[in-house]
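Dropping coords.txt in here (compact mmCIF, C-alpha atoms):
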# COMPACT_ATOMS: atom_id res chain seq x y z
CA MET A 1 37.67 -25.94 -9.88
CA SER A 2 35.60 -27.65 -12.58
CA LYS A 3 32.63 -25.98 -14.28
CA ARG A 4 30.24 -28.25 -12.40
CA ALA A 5 31.91 -27.54 -9.06
CA ARG A 6 31.70 -23.80 -9.70
CA TRP A 7 27.96 -24.10 -10.42
CA VAL A 8 27.35 -26.18 -7.30
CA ALA A 9 29.18 -23.58 -5.21
CA ALA A 10 27.07 -20.84 -6.76
CA CYS A 11 23.92 -22.79 -5.94
CA ALA A 12 25.00 -23.13 -2.32
CA ALA A 13 25.62 -19.40 -2.08
CA VAL A 14 22.19 -18.54 -3.45
CA LEU A 15 20.61 -21.06 -1.11
CA MET A 16 22.20 -19.30 1.86
CA LEU A 17 21.05 -15.89 0.68
CA GLY A 18 17.56 -17.13 -0.10
CA GLY A 19 16.72 -17.91 3.49
CA GLY A 20 16.23 -21.65 3.04
CA TYR A 21 14.64 -21.93 -0.40
CA VAL A 22 15.29 -25.14 -2.23
CA ALA A 23 17.75 -24.89 -5.12
CA TYR A 24 17.01 -26.81 -8.31
CA GLU A 25 19.31 -28.04 -11.04
CA GLU A 26 18.28 -28.50 -14.64
CA PHE A 27 20.56 -29.86 -17.38
CA ILE A 28 20.16 -28.72 -20.96
CA ALA A 29 22.79 -30.27 -23.21
CA ASP A 30 26.13 -29.56 -21.49
CA ASP A 31 24.94 -26.41 -19.70
CA MET A 32 23.47 -26.46 -16.26
CA ILE A 33 20.89 -23.87 -15.11
CA CYS A 34 21.07 -23.49 -11.36
CA CYS A 35 19.04 -22.30 -8.51
CA ALA A 36 15.55 -21.59 -9.81
CA LEU A 37 13.70 -20.30 -6.73
CA PRO A 38 10.03 -21.32 -6.57
CA PRO A 39 7.44 -18.95 -5.06
CA PRO A 40 7.28 -19.55 -1.29
CA LEU A 41 3.54 -18.95 -0.94
CA TYR A 42 0.58 -20.76 -2.46
CA ASN A 43 -2.85 -19.27 -3.12
CA VAL A 44 -2.27 -16.15 -1.02
CA PRO A 45 -3.75 -12.80 -2.16
CA ARG A 46 -1.16 -10.34 -3.46
CA GLY A 47 -1.00 -6.56 -3.34
CA PRO A 48 0.06 -4.22 -6.16
CA ASP A 49 3.77 -4.87 -5.56
CA GLY A 50 3.49 -8.60 -5.01
CA GLU A 51 3.31 -8.39 -1.22
CA ILE A 52 1.02 -10.51 0.96
CA ASP A 53 -2.31 -8.69 0.88
CA ILE A 54 -4.74 -8.72 3.80
CA ALA A 55 -8.41 -7.88 3.26
CA SER A 56 -10.42 -5.78 5.69
CA GLN A 57 -12.32 -8.85 6.95
CA SER A 58 -9.20 -10.63 8.25
CA LEU A 59 -8.88 -10.68 12.04
CA ARG A 60 -5.76 -12.75 12.81
CA PRO A 61 -3.73 -12.99 9.62
CA GLU A 62 -0.30 -14.58 9.36
CA VAL A 63 2.71 -13.26 7.46
CA LEU A 64 6.29 -14.44 7.09
CA VAL A 65 9.50 -12.95 8.45
CA ASP A 66 11.29 -10.67 5.96
CA HIS A 67 8.19 -10.44 3.77
CA ASP A 68 6.27 -7.30 2.89
CA PHE A 69 2.53 -7.23 3.45
CA SER A 70 -0.31 -4.76 3.07
CA ILE A 71 -3.76 -4.21 4.54
CA HIS A 72 -6.19 -2.72 2.05
CA VAL A 73 -9.37 -0.64 2.20
CA ARG A 74 -11.47 -0.78 -0.95
CA PRO A 75 -13.23 2.25 -2.51
CA GLY A 76 -16.63 1.44 -1.01
CA GLY A 77 -15.56 2.76 2.36
CA ASP A 78 -14.10 6.07 1.19
CA ALA A 79 -10.65 4.53 1.31
CA ASP A 80 -8.86 7.86 1.54
CA ASP A 81 -10.68 8.58 4.83
CA TRP A 82 -8.88 5.75 6.60
CA ARG A 83 -5.60 6.23 8.43
CA LEU A 84 -3.13 4.19 10.44
CA ALA A 85 -4.00 4.63 14.13
CA GLU A 86 -1.67 1.97 15.56
CA SER A 87 1.29 0.74 13.51
CA GLY A 88 2.24 -2.34 15.53
CA GLU A 89 5.87 -1.21 15.60
CA ALA A 90 6.15 -0.99 19.41
CA ALA A 91 7.29 -4.61 19.80
CA GLY A 92 9.67 -4.40 16.84
CA VAL A 93 7.83 -7.20 15.05
CA VAL A 94 6.72 -5.14 12.05
CA ARG A 95 7.76 -1.88 10.45
CA ALA A 96 5.35 0.50 8.71
CA ARG A 97 6.31 1.38 5.14
CA GLY A 98 3.75 3.99 4.21
CA VAL A 99 0.54 4.11 2.20
CA LYS A 100 -0.10 3.47 -1.48
CA ASP A 101 -3.32 4.28 -3.38
CA VAL A 102 -4.13 2.23 -6.48
CA ASP A 103 -7.40 2.72 -8.40
CA GLY A 104 -9.19 4.01 -5.31
CA THR A 105 -7.97 1.20 -3.03
CA ARG A 106 -5.72 2.26 -0.16
CA TYR A 107 -2.90 -0.10 0.81
CA PHE A 108 -1.27 0.30 4.22
CA ARG A 109 2.16 -1.28 3.77
CA PHE A 110 4.42 -3.06 6.26
CA ARG A 111 7.53 -5.22 6.53
CA ALA A 112 7.59 -8.26 8.86
CA VAL A 113 10.86 -7.91 10.80
CA LYS A 114 10.88 -10.77 13.32
CA THR A 115 8.61 -13.44 14.73
CA GLY A 116 5.93 -12.38 17.16
CA THR A 117 2.53 -10.69 17.21
CA ALA A 118 1.75 -7.10 16.31
CA GLN A 119 -1.52 -5.24 16.71
CA ILE A 120 -2.32 -2.93 13.81
CA VAL A 121 -5.33 -0.61 13.93
CA LEU A 122 -6.87 1.32 11.04
CA GLU A 123 -9.23 4.17 11.90
CA GLU A 124 -11.89 5.94 9.87
CA VAL A 125 -11.22 9.65 10.21
CA ASP A 126 -14.84 10.83 10.23
CA GLY A 127 -16.88 7.92 11.53
CA LYS A 128 -14.35 6.71 14.11
CA ARG A 129 -14.92 3.16 12.95
CA THR A 130 -11.84 1.00 13.52
CA MET A 131 -10.41 -2.22 12.10
CA THR A 132 -8.02 -4.12 14.38
CA TYR A 133 -5.62 -6.81 13.15
CA SER A 134 -3.64 -9.18 15.34
CA VAL A 135 -0.88 -10.00 12.87
CA GLU A 136 1.29 -13.04 13.61
CA VAL A 137 4.75 -13.04 12.06
CA LYS A 138 6.28 -16.50 11.77
CA GLU A 139 9.00 -18.49 10.08
CA GLY A 140 8.03 -20.84 7.29
CA THR A 141 6.91 -21.00 3.70
CA GLN A 142 3.12 -20.76 3.98
CA VAL A 143 0.56 -18.66 5.83
CA SER A 144 -3.09 -18.93 6.84
CA GLY A 145 -5.75 -16.55 8.04
CA VAL A 146 -5.26 -14.26 5.04
CA LEU A 147 -8.70 -13.88 3.51
CA GLY A 148 -9.91 -12.37 0.29
CA ASP A 149 -12.79 -9.93 0.47
CA PRO A 150 -15.71 -11.84 2.05
CA GLU A 151 -18.20 -10.99 -0.67
CA ASP A 152 -17.85 -9.52 -4.11
CA ARG A 153 -19.37 -6.18 -3.14
CA TYR A 154 -16.76 -4.15 -4.97
CA GLY A 155 -17.16 -5.33 -8.52
CA ARG A 156 -19.74 -4.30 -11.09
CA PRO A 157 -23.30 -4.50 -9.68
CA ASP A 158 -26.26 -5.67 -11.71
CA GLU A 159 -27.17 -2.86 -14.12
CA ASP A 160 -30.86 -3.77 -13.91
CA LEU A 161 -33.02 -6.06 -11.87
CA PRO A 162 -34.14 -9.22 -13.67
CA PRO A 163 -37.12 -8.57 -16.00
CA ASP A 164 -39.65 -10.82 -14.31
CA GLN A 165 -43.08 -10.61 -12.74
CA VAL A 166 -41.81 -9.65 -9.31
CA ARG A 167 -43.28 -6.69 -7.45
CA THR A 168 -40.61 -4.18 -6.39
CA ILE A 169 -41.39 -2.54 -3.05
CA GLU A 170 -39.93 0.85 -2.27
CA GLY A 171 -38.33 1.55 1.08
CA ASP A 172 -35.68 -0.22 3.11
CA PHE A 173 -35.40 -3.70 4.55
CA ASP A 174 -35.71 -2.22 8.04
CA GLY A 175 -39.47 -1.59 7.95
CA ALA A 176 -42.89 -3.17 7.40
CA VAL A 177 -44.72 -4.23 4.23
CA THR A 178 -48.10 -5.70 3.38
CA VAL A 179 -48.56 -8.16 0.51
CA HIS A 180 -51.11 -10.68 -0.74
CA PRO A 181 -51.04 -14.51 -0.63
CA GLY A 182 -49.14 -15.96 -3.58
CA GLU A 183 -47.44 -12.66 -4.37
CA THR A 184 -43.68 -12.59 -5.04
CA PHE A 185 -41.93 -9.36 -4.17
CA ARG A 186 -38.47 -7.89 -3.68
CA ILE A 187 -37.24 -5.27 -1.25
CA ALA A 188 -33.79 -3.72 -0.85
CA ASN A 189 -31.29 -3.43 1.92
CA HIS A 190 -29.75 0.01 1.36
CA TYR A 191 -26.27 0.48 2.84
CA ASP A 192 -23.05 2.41 2.49
CA ASN A 193 -20.52 0.04 0.99
CA GLN A 194 -18.19 0.16 3.99
CA PRO A 195 -15.33 -2.34 4.27
CA GLY A 196 -15.60 -5.17 6.74
CA TYR A 197 -19.36 -5.83 6.53
CA THR A 198 -21.03 -9.11 5.59
CA TRP A 199 -24.82 -9.02 5.20
CA GLN A 200 -26.73 -12.23 5.85
CA ILE A 201 -30.24 -13.31 6.82
CA VAL A 202 -29.95 -14.80 10.31
CA GLY A 203 -33.61 -14.90 11.38
CA PRO A 204 -35.67 -16.77 8.77
CA PRO A 205 -39.41 -16.06 8.55
CA ASP A 206 -42.30 -18.34 9.38
CA GLU A 207 -42.49 -20.49 6.24
CA SER A 208 -46.24 -20.80 6.53
CA VAL A 209 -46.35 -17.05 5.81
CA LEU A 210 -43.23 -16.37 3.72
CA THR A 211 -40.90 -18.56 1.65
CA ASP A 212 -38.15 -18.42 -0.96
CA TYR A 213 -36.14 -15.88 1.01
CA LEU A 214 -32.87 -17.46 -0.19
CA SER A 215 -33.71 -17.38 -3.90
CA GLY A 216 -30.75 -15.09 -4.62
CA VAL A 217 -29.61 -11.54 -4.03
CA HIS A 218 -29.27 -8.92 -6.79
CA THR A 219 -27.08 -5.90 -6.14
CA THR A 220 -27.47 -2.46 -7.71
CA GLY A 221 -25.93 0.95 -7.04
CA ASP A 222 -22.49 2.48 -7.02
CA ALA A 223 -19.64 0.35 -5.67
CA ALA A 224 -18.04 3.43 -4.14
CA THR A 225 -21.12 4.84 -2.39
CA VAL A 226 -24.58 3.43 -1.66
CA ARG A 227 -25.55 -0.10 -2.67
CA GLN A 228 -28.85 -1.96 -2.68
CA ASP A 229 -29.09 -5.70 -2.11
CA TRP A 230 -32.48 -6.88 -3.34
CA TYR A 231 -34.03 -9.85 -1.53
CA GLU A 232 -36.95 -11.77 -3.02
CA PHE A 233 -39.77 -13.47 -1.11
CA THR A 234 -43.01 -15.26 -1.87
CA ALA A 235 -46.06 -14.89 0.37
CA SER A 236 -47.28 -18.41 1.10
CA GLY A 237 -50.17 -17.78 3.49
CA LYS A 238 -51.93 -15.18 5.58
CA GLY A 239 -50.28 -13.94 8.75
CA THR A 240 -47.39 -11.81 9.98
CA THR A 241 -43.73 -12.76 10.24
CA GLU A 242 -40.31 -11.16 10.61
CA VAL A 243 -37.08 -11.53 8.64
CA LYS A 244 -33.88 -10.51 10.43
CA LEU A 245 -30.88 -9.27 8.43
CA PHE A 246 -27.50 -8.87 10.10
CA GLY A 247 -24.63 -6.70 8.89
CA CYS A 248 -21.78 -8.37 10.76
CA TYR A 249 -18.72 -6.15 11.10
CA ARG A 250 -15.48 -8.06 10.66
CA CYS A 251 -16.97 -11.39 11.72
CA THR A 252 -15.19 -14.51 10.53
CA ASP A 253 -18.41 -16.49 10.09
CA GLY A 254 -20.57 -13.56 8.99
CA ILE A 255 -23.27 -14.14 11.63
CA LYS A 256 -21.73 -13.85 15.10
CA ALA A 257 -20.06 -10.75 16.51
CA GLU A 258 -17.37 -12.00 18.89
CA THR A 259 -14.98 -9.09 19.38
CA ALA A 260 -15.81 -5.80 21.10
CA GLU A 261 -15.20 -4.05 17.79
CA SER A 262 -17.64 -6.33 15.96
CA LYS A 263 -20.30 -5.91 18.62
CA LYS A 264 -19.95 -2.13 18.53
CA PHE A 265 -20.24 -1.62 14.77
CA SER A 266 -22.43 -4.50 13.57
CA VAL A 267 -25.92 -3.59 12.33
CA ALA A 268 -29.22 -5.47 12.57
CA LYS A 269 -32.36 -4.88 10.49
CA THR A 270 -35.80 -6.41 10.79
CA LEU A 271 -38.41 -6.63 8.03
CA THR A 272 -42.00 -7.24 9.20
CA VAL A 273 -44.20 -8.79 6.52
CA THR A 274 -47.98 -9.00 6.81
CA VAL A 275 -49.78 -11.21 4.30
CA ARG A 276 -53.51 -10.61 3.97

Write the structure described by the file as structure tokens, please.
Amino acid sequence: MSKRARWVAACAAVLMLGGGYVAYEEFIADDMICCALPPPLYNVPRGPDGEIDIASQSLRPEVLVDHDFSIHVRPGGDADDWRLAESGEAAGVVRARGVKDVDGTRYFRFRAVKTGTAQIVLEEVDGKRTMTYSVEVKEGTQVSGVLGDPEDRYGRPDEDLPPDQVRTIEGDFDGAVTVHPGETFRIANHYDNQPGYTWQIVGPPDESVLTDYLSGVHTTGDAATVRQDWYEFTASGKGTTEVKLFGCYRCTDGIKAETAESKKFSVAKTLTVTVR
């Protein structure tokens, strides 16, 4: 068998072992380099060992047969207080491979064994909050429904609020405040940095009383404990209005709780503003 024939045979063997990956040939002078295997996934989050990584916000993620994947809980939710309540192994679609902690993030690790759907449930030991994942295992070379963390609530918060002429009001967003016409003020939404939550204003105020409520959000506090999201408003005229803030738990659009789990654990806050 010639040198070229031997290389072609080797390429065919690797192709069979690689589960359908495309083999490539590259000639350099008289030598041939065979079978470079390109990555099968594009723009998919990866865990600490290169596995497909699924963020807490994902509801119906996809993974590929014979691939490893993980579901992670970031430090803001006391990651070490979460455990695997339902492994999804009953149907033989996935196999649990244990837990790995990296820099405060807890990774629940699995192997996709065959095509099908597996339900995996993580449970908070103390609060009894749950996170349910309907994981679809499929053949192919690409996946969808694997989200990154919905908001960057786990990185470094602002060390200080911007040095401007804005009145800072003590208290929590879920309350009542009184301000004067033309006054710009900020007030915080205080919350435990639990995984799975997306905070968003869903009930805008009467603009004849209050404006500029979407001028930006500044975050302070400890990423692993209590955070404060500071919202800024400008009083435009006398009167009373409400601003509704929704902490949507594991909602794909951040504003509508569709599953029973989302409806149970989502949180709503209302700020009443009187301008006089």

| request: Compare A:Tyr191, A:Phe69, A:Tyr42, A:Phe265 by their minimum atom-to-atom distance to Thr141 in chain A, counting all atoms listed in the file, and give me the closest one. | output: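 Of A:Tyr191, A:Phe69, A:Tyr42, A:Phe265, the one nearest Thr141 in chain A is A:Tyr42, counting all atoms listed in the file.
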
| Two-atom distance - CA of Thr272 in chain A, CA of Phe173 in chain A (Å) | 8.8 Å

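In this model, the gap between CA of Arg109 in chain A and CA of Ser266 in chain A comes to 26.7 Å.
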
| task | Point out the residue among A:Ile120, A:Val166, A:Val273, A:Val179 with the least atom-to-atom distance to Glu207 in chain A, counting all atoms listed in the file. | result |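 Closest candidate: A:Val273.
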
| task | Rounded to one decimal place, report the CA of Cys248 in chain A-CA of Ala268 in chain A distance in Å. | result |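 These two atoms are separated by 8.2 Å.
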
| request: Determine the nearest neighbour of Thr132 in chain A from the options A:Gln194, A:Thr240, A:Thr168, A:Ser56, counting all atoms listed in the file. | output: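 Among A:Gln194, A:Thr240, A:Thr168, A:Ser56, it is A:Ser56 that comes nearest to Thr132 in chain A.
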
| remark: With distances taken over only C-alpha atoms, the candidate from A:Glu242, A:Ser262, A:Gln228, A:Gly203 nearest Gly171 in chain A is A:Gln228

| Quick one: of A:Ser236, A:Thr252, A:Thr270, A:Asn43, who's nearest to Gly196 in chain A, counting all atoms listed in the file? | A:Thr252

| task | Tell me which of A:His180, A:Lys269, A:Arg250, A:Lys264 sits closest to Gln57 in chain A, counting only C-alpha atoms. | result |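 With only C-alpha atoms as the atom set, the closest residue is A:Arg250.
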
| query | Got a sec: who's within 12 Å of Asp212 in chain A, counting only C-alpha atoms, leaving out chain neighbours fewer than 4 positions off, as a ChimeraX atom specification? | reply | /A:182-186,204-208,216-217,231-236,243

Can I get the selected residues back with C-alpha atoms, as a PDB file, keeping the file's coordinate frame?
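Saved to result-v3.pdb:
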ATOM      1  CA  GLY A 182     -49.140 -15.960  -3.580  1.00  0.00           C
ATOM      2  CA  GLU A 183     -47.440 -12.660  -4.370  1.00  0.00           C
ATOM      3  CA  THR A 184     -43.680 -12.590  -5.040  1.00  0.00           C
ATOM      4  CA  PHE A 185     -41.930  -9.360  -4.170  1.00  0.00           C
ATOM      5  CA  ARG A 186     -38.470  -7.890  -3.680  1.00  0.00           C
ATOM      6  CA  PRO A 204     -35.670 -16.770   8.770  1.00  0.00           C
ATOM      7  CA  PRO A 205     -39.410 -16.060   8.550  1.00  0.00           C
ATOM      8  CA  ASP A 206     -42.300 -18.340   9.380  1.00  0.00           C
ATOM      9  CA  GLU A 207     -42.490 -20.490   6.240  1.00  0.00           C
ATOM     10  CA  SER A 208     -46.240 -20.800   6.530  1.00  0.00           C
ATOM     11  CA  GLY A 216     -30.750 -15.090  -4.620  1.00  0.00           C
ATOM     12  CA  VAL A 217     -29.610 -11.540  -4.030  1.00  0.00           C
ATOM     13  CA  TYR A 231     -34.030  -9.850  -1.530  1.00  0.00           C
ATOM     14  CA  GLU A 232     -36.950 -11.770  -3.020  1.00  0.00           C
ATOM     15  CA  PHE A 233     -39.770 -13.470  -1.110  1.00  0.00           C
ATOM     16  CA  THR A 234     -43.010 -15.260  -1.870  1.00  0.00           C
ATOM     17  CA  ALA A 235     -46.060 -14.890   0.370  1.00  0.00           C
ATOM     18  CA  SER A 236     -47.280 -18.410   1.100  1.00  0.00           C
ATOM     19  CA  VAL A 243     -37.080 -11.530   8.640  1.00  0.00           C
TER      20      VAL A 243
END

Excluding Arg97 in chain A and any residue of its chain fewer than 6 positions from it, enumerate the residues within 9 Å of it, using all atoms listed in the file, and give them as a CSV table (one decimal) with C-alpha atoms, in the coordinates of the input.
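Result file is selection29.csv:
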chain,number,residue,atom,x,y,z
A,68,ASP,CA,6.3,-7.3,2.9
A,108,PHE,CA,-1.3,0.3,4.2
A,109,ARG,CA,2.2,-1.3,3.8
A,110,PHE,CA,4.4,-3.1,6.3
A,111,ARG,CA,7.5,-5.2,6.5
